[in-house]
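*Asks:* work05.txt is reproduced below (compact mmCIF, C-alpha atoms).
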# COMPACT_ATOMS: atom_id res chain seq x y z
CA MET A 1179 -23.67 -41.23 16.75
CA ARG A 1180 -26.61 -39.09 15.64
CA PHE A 1181 -26.96 -35.35 15.34
CA GLY A 1182 -29.28 -32.71 13.94
CA ASN A 1183 -32.31 -34.29 12.32
CA HIS A 1184 -31.29 -37.78 13.49
CA LYS A 1185 -28.83 -38.31 10.64
CA THR A 1186 -25.89 -40.52 11.55
CA VAL A 1187 -22.55 -38.70 11.39
CA GLY A 1188 -21.05 -41.38 9.17
CA GLN A 1189 -23.86 -40.97 6.65
CA ASP A 1190 -22.99 -37.36 5.91
CA PRO A 1191 -20.69 -37.12 2.85
CA ASN A 1192 -19.10 -33.98 4.30
CA TYR A 1193 -17.84 -36.10 7.19
CA PHE A 1194 -15.66 -38.22 4.93
CA SER A 1195 -14.57 -35.22 2.86
CA LEU A 1196 -13.31 -33.48 5.99
CA LEU A 1197 -11.53 -36.60 7.22
CA GLU A 1198 -9.80 -36.99 3.87
CA ALA A 1199 -8.81 -33.30 3.83
CA MET A 1200 -6.93 -33.84 7.09
CA ASN A 1201 -4.38 -35.91 5.17
CA ALA A 1202 -3.07 -32.73 3.54
CA ASP A 1203 -1.23 -29.86 5.22
CA GLY A 1204 -3.13 -26.72 6.14
CA CYS A 1205 -6.73 -25.86 6.92
CA VAL A 1206 -9.22 -28.64 6.17
CA VAL A 1207 -11.81 -26.18 4.83
CA CYS A 1208 -9.25 -24.50 2.58
CA ARG A 1209 -8.32 -27.92 1.18
CA LEU A 1210 -11.98 -28.66 0.42
CA ALA A 1211 -12.30 -25.23 -1.17
CA ASP A 1212 -9.26 -25.94 -3.37
CA ARG A 1213 -10.87 -29.14 -4.62
CA GLN A 1214 -14.19 -27.41 -5.18
CA LEU A 1215 -12.41 -24.67 -7.13
CA GLU A 1216 -10.80 -27.26 -9.40
CA ARG A 1217 -14.15 -28.96 -9.97
CA ILE A 1218 -15.87 -25.68 -10.86
CA ILE A 1219 -13.14 -24.68 -13.30
CA ASP A 1220 -13.14 -28.13 -14.91
CA SER A 1221 -16.92 -28.07 -15.27
CA LEU A 1222 -16.74 -24.64 -16.91
CA ARG A 1223 -14.09 -25.80 -19.33
CA TYR A 1224 -15.77 -29.01 -20.38
CA GLU A 1225 -19.52 -28.46 -20.17
CA ARG A 1226 -21.08 -25.67 -18.13
CA ILE A 1227 -19.84 -22.78 -20.25
CA ASP A 1228 -22.24 -24.05 -22.95
CA ASP A 1229 -25.12 -23.43 -20.55
CA TYR A 1230 -26.81 -20.13 -21.43
CA GLU A 1231 -27.78 -19.40 -17.81
CA ILE A 1232 -24.21 -19.91 -16.62
CA ARG A 1233 -22.85 -17.53 -19.26
CA ARG A 1234 -25.53 -14.98 -18.42
CA LYS A 1235 -24.67 -15.15 -14.74
CA ILE A 1236 -20.95 -14.70 -15.45
CA HIS A 1237 -21.61 -11.70 -17.69
CA GLN A 1238 -24.13 -10.10 -15.34
CA SER A 1239 -21.70 -10.31 -12.42
CA GLY A 1240 -18.91 -8.76 -14.49
CA GLY A 1241 -16.83 -11.90 -14.87
CA PHE A 1242 -14.67 -13.45 -12.19
CA CYS A 1243 -12.80 -11.87 -9.31
CA ARG A 1244 -9.10 -11.29 -9.95
CA GLU A 1245 -7.96 -14.33 -7.98
CA HIS A 1246 -10.22 -16.76 -9.80
CA ALA A 1247 -9.71 -15.14 -13.20
CA LEU A 1248 -5.99 -15.82 -12.82
CA ARG A 1249 -6.63 -19.40 -11.73
CA ILE A 1250 -8.72 -19.99 -14.85
CA LEU A 1251 -6.06 -18.29 -16.98
CA GLU A 1252 -3.53 -20.85 -15.75
CA GLN A 1253 -5.54 -23.55 -17.55
CA GLY A 1254 -4.64 -22.02 -20.92
CA ASP A 1255 -8.06 -22.41 -22.54
CA PRO A 1256 -8.47 -19.86 -25.40
CA LEU A 1257 -12.05 -20.88 -26.27
CA LEU A 1258 -13.31 -20.54 -22.70
CA HIS A 1259 -11.79 -17.08 -22.42
CA ALA A 1260 -13.12 -16.02 -25.81
CA ILE A 1261 -16.66 -17.01 -24.80
CA ILE A 1262 -16.46 -15.17 -21.48
CA TYR A 1263 -14.56 -12.03 -22.38
CA SER A 1264 -16.04 -11.28 -25.80
CA ARG A 1265 -19.37 -10.44 -24.19
CA LEU A 1266 -17.76 -8.65 -21.25
CA PHE A 1267 -15.90 -6.30 -23.57
CA GLU A 1268 -18.98 -5.81 -25.74
CA GLN A 1269 -20.85 -4.78 -22.60
CA LYS A 1270 -18.01 -2.46 -21.60
CA VAL A 1271 -17.99 -0.79 -25.02
CA GLU A 1272 -21.75 -0.22 -24.78
CA THR A 1273 -21.56 1.37 -21.33
CA LEU A 1274 -18.50 3.50 -22.20
CA ARG A 1275 -20.16 4.81 -25.33
CA SER A 1276 -23.29 5.70 -23.40
CA GLY A 1277 -21.26 7.43 -20.69
CA GLU A 1278 -23.10 5.51 -17.96
CA ASP A 1279 -20.05 3.65 -16.72
CA ILE A 1280 -17.83 6.71 -16.32
CA ALA A 1281 -20.61 8.71 -14.68
CA SER A 1282 -21.32 5.96 -12.16
CA ARG A 1283 -17.63 5.61 -11.30
CA ARG A 1284 -17.21 9.36 -10.80
CA SER A 1285 -20.31 9.64 -8.63
CA SER A 1286 -19.38 6.67 -6.46
CA SER A 1287 -17.59 7.55 -3.25
CA ASP A 1288 -15.64 4.29 -3.39
CA GLY A 1289 -14.87 4.39 -7.10
CA ARG A 1290 -11.12 4.50 -6.59
CA LYS A 1291 -11.29 1.54 -4.24
CA ARG A 1292 -13.34 -0.47 -6.69
CA PHE A 1293 -10.85 0.09 -9.53
CA GLY A 1294 -7.94 -1.06 -7.41
CA ALA A 1295 -9.63 -3.71 -5.32
CA ARG A 1296 -8.81 -7.39 -5.27
CA GLU A 1297 -11.94 -8.25 -7.22
CA GLY A 1298 -10.78 -6.17 -10.20
CA LEU A 1299 -13.07 -4.31 -12.60
CA ARG A 1300 -16.26 -6.17 -11.94
CA ALA A 1301 -19.88 -5.11 -12.06
CA PRO A 1302 -20.66 -2.40 -9.49
CA ASN A 1303 -23.91 -4.16 -8.54
CA GLY A 1304 -22.15 -6.25 -5.91
CA SER A 1305 -22.88 -9.61 -7.58
CA GLU A 1306 -20.59 -12.40 -6.48
CA CYS A 1307 -18.12 -14.02 -8.81
CA LEU A 1308 -19.59 -17.38 -9.85
CA ILE A 1309 -16.69 -19.25 -8.27
CA CYS A 1310 -16.78 -17.16 -5.08
CA GLU A 1311 -20.45 -18.03 -4.79
CA GLY A 1312 -19.72 -21.75 -5.14
CA LEU A 1313 -17.00 -21.61 -2.50
CA ARG A 1314 -19.20 -19.62 -0.13
CA GLU A 1315 -21.91 -22.27 -0.47
CA LEU A 1316 -19.34 -24.93 0.41
CA GLU A 1317 -18.28 -23.01 3.52
CA ASP A 1318 -21.90 -22.42 4.57
CA ARG A 1319 -22.50 -26.15 4.33
CA VAL A 1320 -19.33 -27.43 5.98
CA LEU A 1321 -18.45 -24.93 8.72
CA PRO A 1322 -21.48 -25.62 10.98
CA LEU A 1323 -20.73 -29.35 10.84
CA ILE A 1324 -17.15 -29.22 12.11
CA PRO A 1325 -17.90 -28.52 15.81
CA MET A 1326 -20.74 -31.05 15.67
CA PHE A 1327 -18.53 -33.79 14.22
CA TYR A 1328 -15.77 -32.94 16.70
CA ASP A 1329 -18.08 -33.22 19.71
CA CYS A 1330 -20.13 -36.19 18.53
CA ASP A 1331 -17.65 -38.50 16.84
CA GLU A 1332 -14.53 -39.93 18.44
CA THR A 1333 -12.93 -40.87 15.11
CA PHE A 1334 -13.31 -37.33 13.80
CA ARG A 1335 -12.08 -35.83 17.06
CA LYS A 1336 -9.00 -38.04 17.16
CA ALA A 1337 -8.18 -37.35 13.50
CA PHE A 1338 -8.50 -33.60 13.96
CA ASP A 1339 -6.42 -33.62 17.14
CA GLU A 1340 -3.66 -35.54 15.36
CA ARG A 1341 -3.51 -33.85 11.97
CA GLY A 1342 -6.39 -31.41 11.41
CA HIS A 1343 -6.20 -27.62 11.24
CA LEU A 1344 -8.48 -24.63 10.78
CA CYS A 1345 -7.04 -21.38 9.49
CA VAL A 1346 -7.78 -18.22 11.48
CA PRO A 1347 -10.46 -16.96 9.03
CA HIS A 1348 -12.30 -20.28 9.02
CA LEU A 1349 -11.99 -20.77 12.77
CA GLU A 1350 -13.58 -17.36 13.30
CA ALA A 1351 -16.26 -18.23 10.75
CA VAL A 1352 -17.13 -21.36 12.74
CA PHE A 1353 -18.49 -19.11 15.49
CA SER A 1354 -20.83 -17.24 13.16
CA LYS A 1355 -21.92 -20.41 11.34
CA SER A 1356 -22.37 -22.73 14.32
CA LYS A 1357 -25.85 -24.00 15.03
CA PRO A 1358 -27.46 -23.14 18.39
CA ASP A 1359 -27.28 -26.74 19.59
CA ALA A 1360 -23.60 -27.17 18.71
CA SER A 1361 -20.97 -25.41 20.81
CA PRO A 1362 -17.70 -24.52 19.03
CA ASN A 1363 -15.76 -24.64 22.31
CA GLY A 1364 -14.34 -28.11 21.69
CA ILE A 1365 -12.91 -27.34 18.27
CA LEU A 1366 -11.75 -23.95 19.57
CA SER A 1367 -9.76 -25.52 22.40
CA ALA A 1368 -8.18 -28.00 20.00
CA GLN A 1369 -7.16 -25.28 17.57
CA ILE A 1370 -5.79 -23.04 20.32
CA ARG A 1371 -3.43 -25.87 21.26
CA LYS A 1372 -2.33 -26.16 17.64
CA TYR A 1373 -1.75 -22.41 17.24
CA ASP A 1374 0.27 -22.42 20.46
CA GLN A 1375 2.39 -25.33 19.25
CA LEU A 1376 2.92 -23.62 15.89
CA ALA A 1377 4.08 -20.44 17.63
CA ARG A 1378 6.59 -22.49 19.63
CA HIS A 1379 7.92 -24.11 16.45
CA LEU A 1380 8.34 -20.66 14.90
CA ARG A 1381 10.20 -19.45 17.98
CA GLU A 1382 12.52 -22.44 17.62
CA ILE A 1383 13.24 -21.43 14.03
CA GLU A 1384 14.17 -17.96 15.29
CA ARG A 1385 16.37 -19.39 18.02
CA LYS A 1386 18.22 -21.77 15.72
CA PHE A 1387 19.14 -18.94 13.38
CA ASP A 1388 21.26 -17.64 16.23
CA TYR A 1389 24.87 -18.72 15.61
CA ARG A 1390 25.02 -20.23 19.10
CA TYR A 1391 22.31 -22.78 18.28
CA CYS A 1392 22.53 -23.09 14.50
CA ASN A 1393 24.00 -26.59 14.71
CA GLU A 1394 20.91 -27.97 16.43
CA THR A 1395 18.73 -30.19 14.26
CA SER A 1396 15.20 -29.03 13.46
CA CYS A 1397 12.31 -31.48 13.64
CA GLU A 1398 10.01 -31.99 10.65
CA ASP A 1399 7.26 -29.86 12.20
CA GLU A 1400 9.70 -26.98 12.62
CA LYS A 1401 10.88 -27.27 9.01
CA LYS A 1402 7.39 -26.71 7.62
CA ALA A 1403 6.10 -24.39 10.36
CA TRP A 1404 6.82 -21.14 8.50
CA ARG A 1405 4.80 -22.21 5.46
CA LEU A 1406 2.00 -23.56 7.63
CA ALA A 1407 1.92 -20.26 9.53
CA VAL A 1408 1.18 -18.30 6.35
CA ALA A 1409 -1.52 -20.76 5.29
CA LEU A 1410 -3.25 -20.75 8.67
CA TRP A 1411 -3.04 -17.00 9.17
CA THR A 1412 -4.31 -15.99 5.74
CA GLY A 1413 -6.49 -18.95 4.76
CA CYS A 1414 -4.58 -19.68 1.57
Will you turn the file into structure tokens for me?

*Replies:*
Amino acid sequence: MRFGNHKTVGQDPNYFSLLEAMNADGCVVCRLADRQLERIIDSLRYERIDDYEIRRKIHQSGGFCREHALRILEQGDPLLHAIIYSRLFEQKVETLRSGEDIASRRSSSDGRKRFGAREGLRAPNGSECLICEGLRELEDRVLPLIPMFYDCDETFRKAFDERGHLCVPHLEAVFSKSKPDASPNGILSAQIRKYDQLARHLREIERKFDYRYCNETSCEDEKKAWRLAVALWTGC
């Protein structure tokens, strides 16, 4: 089956990546993002942090967002952190001494929000965290392909119907990322069925906590439904 610029579906590496991601629980795009995150962190630890342009980009953007800074911290790499944060704190000392940083925070109407936001104390210029940028590029590449693969390829469609998922954030993103010649209606209908089934499993969990039904056995899908619900609602 061909799509787009006459490329065969099976020739697209993203096709196989998505199929493989369906073997794990949760949203297929989130699973790909997890793997991409691991690759980026590994590349920083073992080679890319020696690249001057990479270090400059990290420092100019004010480091990493809070979520990704904590993920890197989990790796326990003192040298990597010394390279990154020595320059960040040198920059902070320079701006604090000049008074520019405090003045800009006071004059900003959203200064309080920026200090307490999820991204942490990053540069106020709006630059993306290096890892956030890499994950956004992955999403921009993969999301438009999902409805195309689903409509054009029976193997992909069957695999998704049996074991694939899209979290709510990524399902909504499919609509904004879809190409004009690829309707998201097929993948939408499939995911609506899955959300409906998940809601029914969750209702069964509620029901079986009632003492009148607590002796009933829960199926495997019910046992993992509450964790899956969090993953699919939040995109984690």

*Asks:* Return the single residue from A:Ile1227, A:Leu1406, A:Ile1309, A:Tyr1373 that is closest to Arg1249 of chain A, with distances computed using all atoms listed in the file.

*Replies:*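 Ranked by minimum distance to Arg1249 of chain A, first place goes to A:Ile1309.
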
*Asks:* So how far away is atom CA of Cys1208 of chain A from atom CA of Ile1236 of chain A, in Å?

*Replies:* 23.6 Å

*Asks:* Mind giving me the straight-line distance from atom CA of Phe1387 of chain A to atom CA of Val1346 of chain A in Å, one decimal?

*Replies:*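 For atom CA of Phe1387 of chain A relative to atom CA of Val1346 of chain A, the distance reads 27.0 Å.
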
*Asks:* Mind checking which residues fall within 8 Å of Leu1308 of chain A, counting only C-alpha atoms, ignoring those fewer than 6 positions away in the same chain, and posting them as an mmCIF file with C-alpha atoms, in the coordinates of the input?

*Replies:*
data_model
loop_
_atom_site.group_PDB
_atom_site.id
_atom_site.type_symbol
_atom_site.label_atom_id
_atom_site.label_comp_id
_atom_site.auth_asym_id
_atom_site.auth_seq_id
_atom_site.Cartn_x
_atom_site.Cartn_y
_atom_site.Cartn_z
ATOM 1 C CA LYS A 1235 -24.670 -15.150 -14.740
ATOM 2 C CA ILE A 1236 -20.950 -14.700 -15.450
ATOM 3 C CA SER A 1239 -21.700 -10.310 -12.420
ATOM 4 C CA GLY A 1241 -16.830 -11.900 -14.870
ATOM 5 C CA PHE A 1242 -14.670 -13.450 -12.190
#

*Asks:* In Å, with one decimal, what is the gap from atom CA of Gly1277 of chain A to atom CA of Glu1245 of chain A?

*Replies:*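 Interatomic distance here is 28.5 Å.
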
*Asks:* Which neighbours of Trp1404 of chain A fall inside 9 Å, counting only C-alpha atoms, when residues of the same chain fewer than 3 positions from it are skipped, and could you give them as a VMD selection string?

*Replies:* chain A and resid 1376 1379 to 1380 1383 1400 to 1401 1407 to 1409

*Asks:* In terms of the shortest atom-to-atom distance over only C-alpha atoms, which of A:Arg1213, A:Cys1310, A:Gly1364, A:Glu1332 is closest to Arg1244 of chain A?

*Replies:* A:Cys1310

*Asks:* Within 8 Å of (-17.7, -37.0, 10.9) (file coordinates; only C-alpha atoms), which protein or nucleic acid residues are there? I'd like them as number ranges by chain.

*Replies:* A: 1187-1188, 1190, 1192-1194, 1196-1197, 1324, 1327-1328, 1331, 1333-1334

*Asks:* I need the residue nearest Arg1319 of chain A from this list: A:Gln1375, A:Ser1305, A:Thr1273, A:Ser1356. Use only C-alpha atoms for the distance.

*Replies:*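 Of the candidates, the smallest distance to Arg1319 of chain A is held by A:Ser1356.
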
*Asks:* Compare A:Arg1233, A:Lys1355, A:Arg1381, A:Arg1405 by their minimum atom-to-atom distance to Leu1323 of chain A, counting all atoms listed in the file, and give me the closest one.

*Replies:*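 With all atoms listed in the file as the atom set, the closest residue is A:Lys1355.
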
*Asks:* For each of A:Glu1252, A:Asp1329, A:Asp1388, A:Glu1382, take the minimum atom-to-atom distance to Asp1359 of chain A, counting all atoms listed in the file, then give the residue where this is smallest.

*Replies:* A:Asp1329

*Asks:* Kindly indicate which residue among A:Gly1240, A:Met1326, A:Tyr1224, A:Asp1399 lies nearest to Glu1268 of chain A, using all atoms listed in the file for the distances.

*Replies:*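 Checking each of A:Gly1240, A:Met1326, A:Tyr1224, A:Asp1399 against Glu1268 of chain A, counting all atoms listed in the file, the winner is A:Gly1240.
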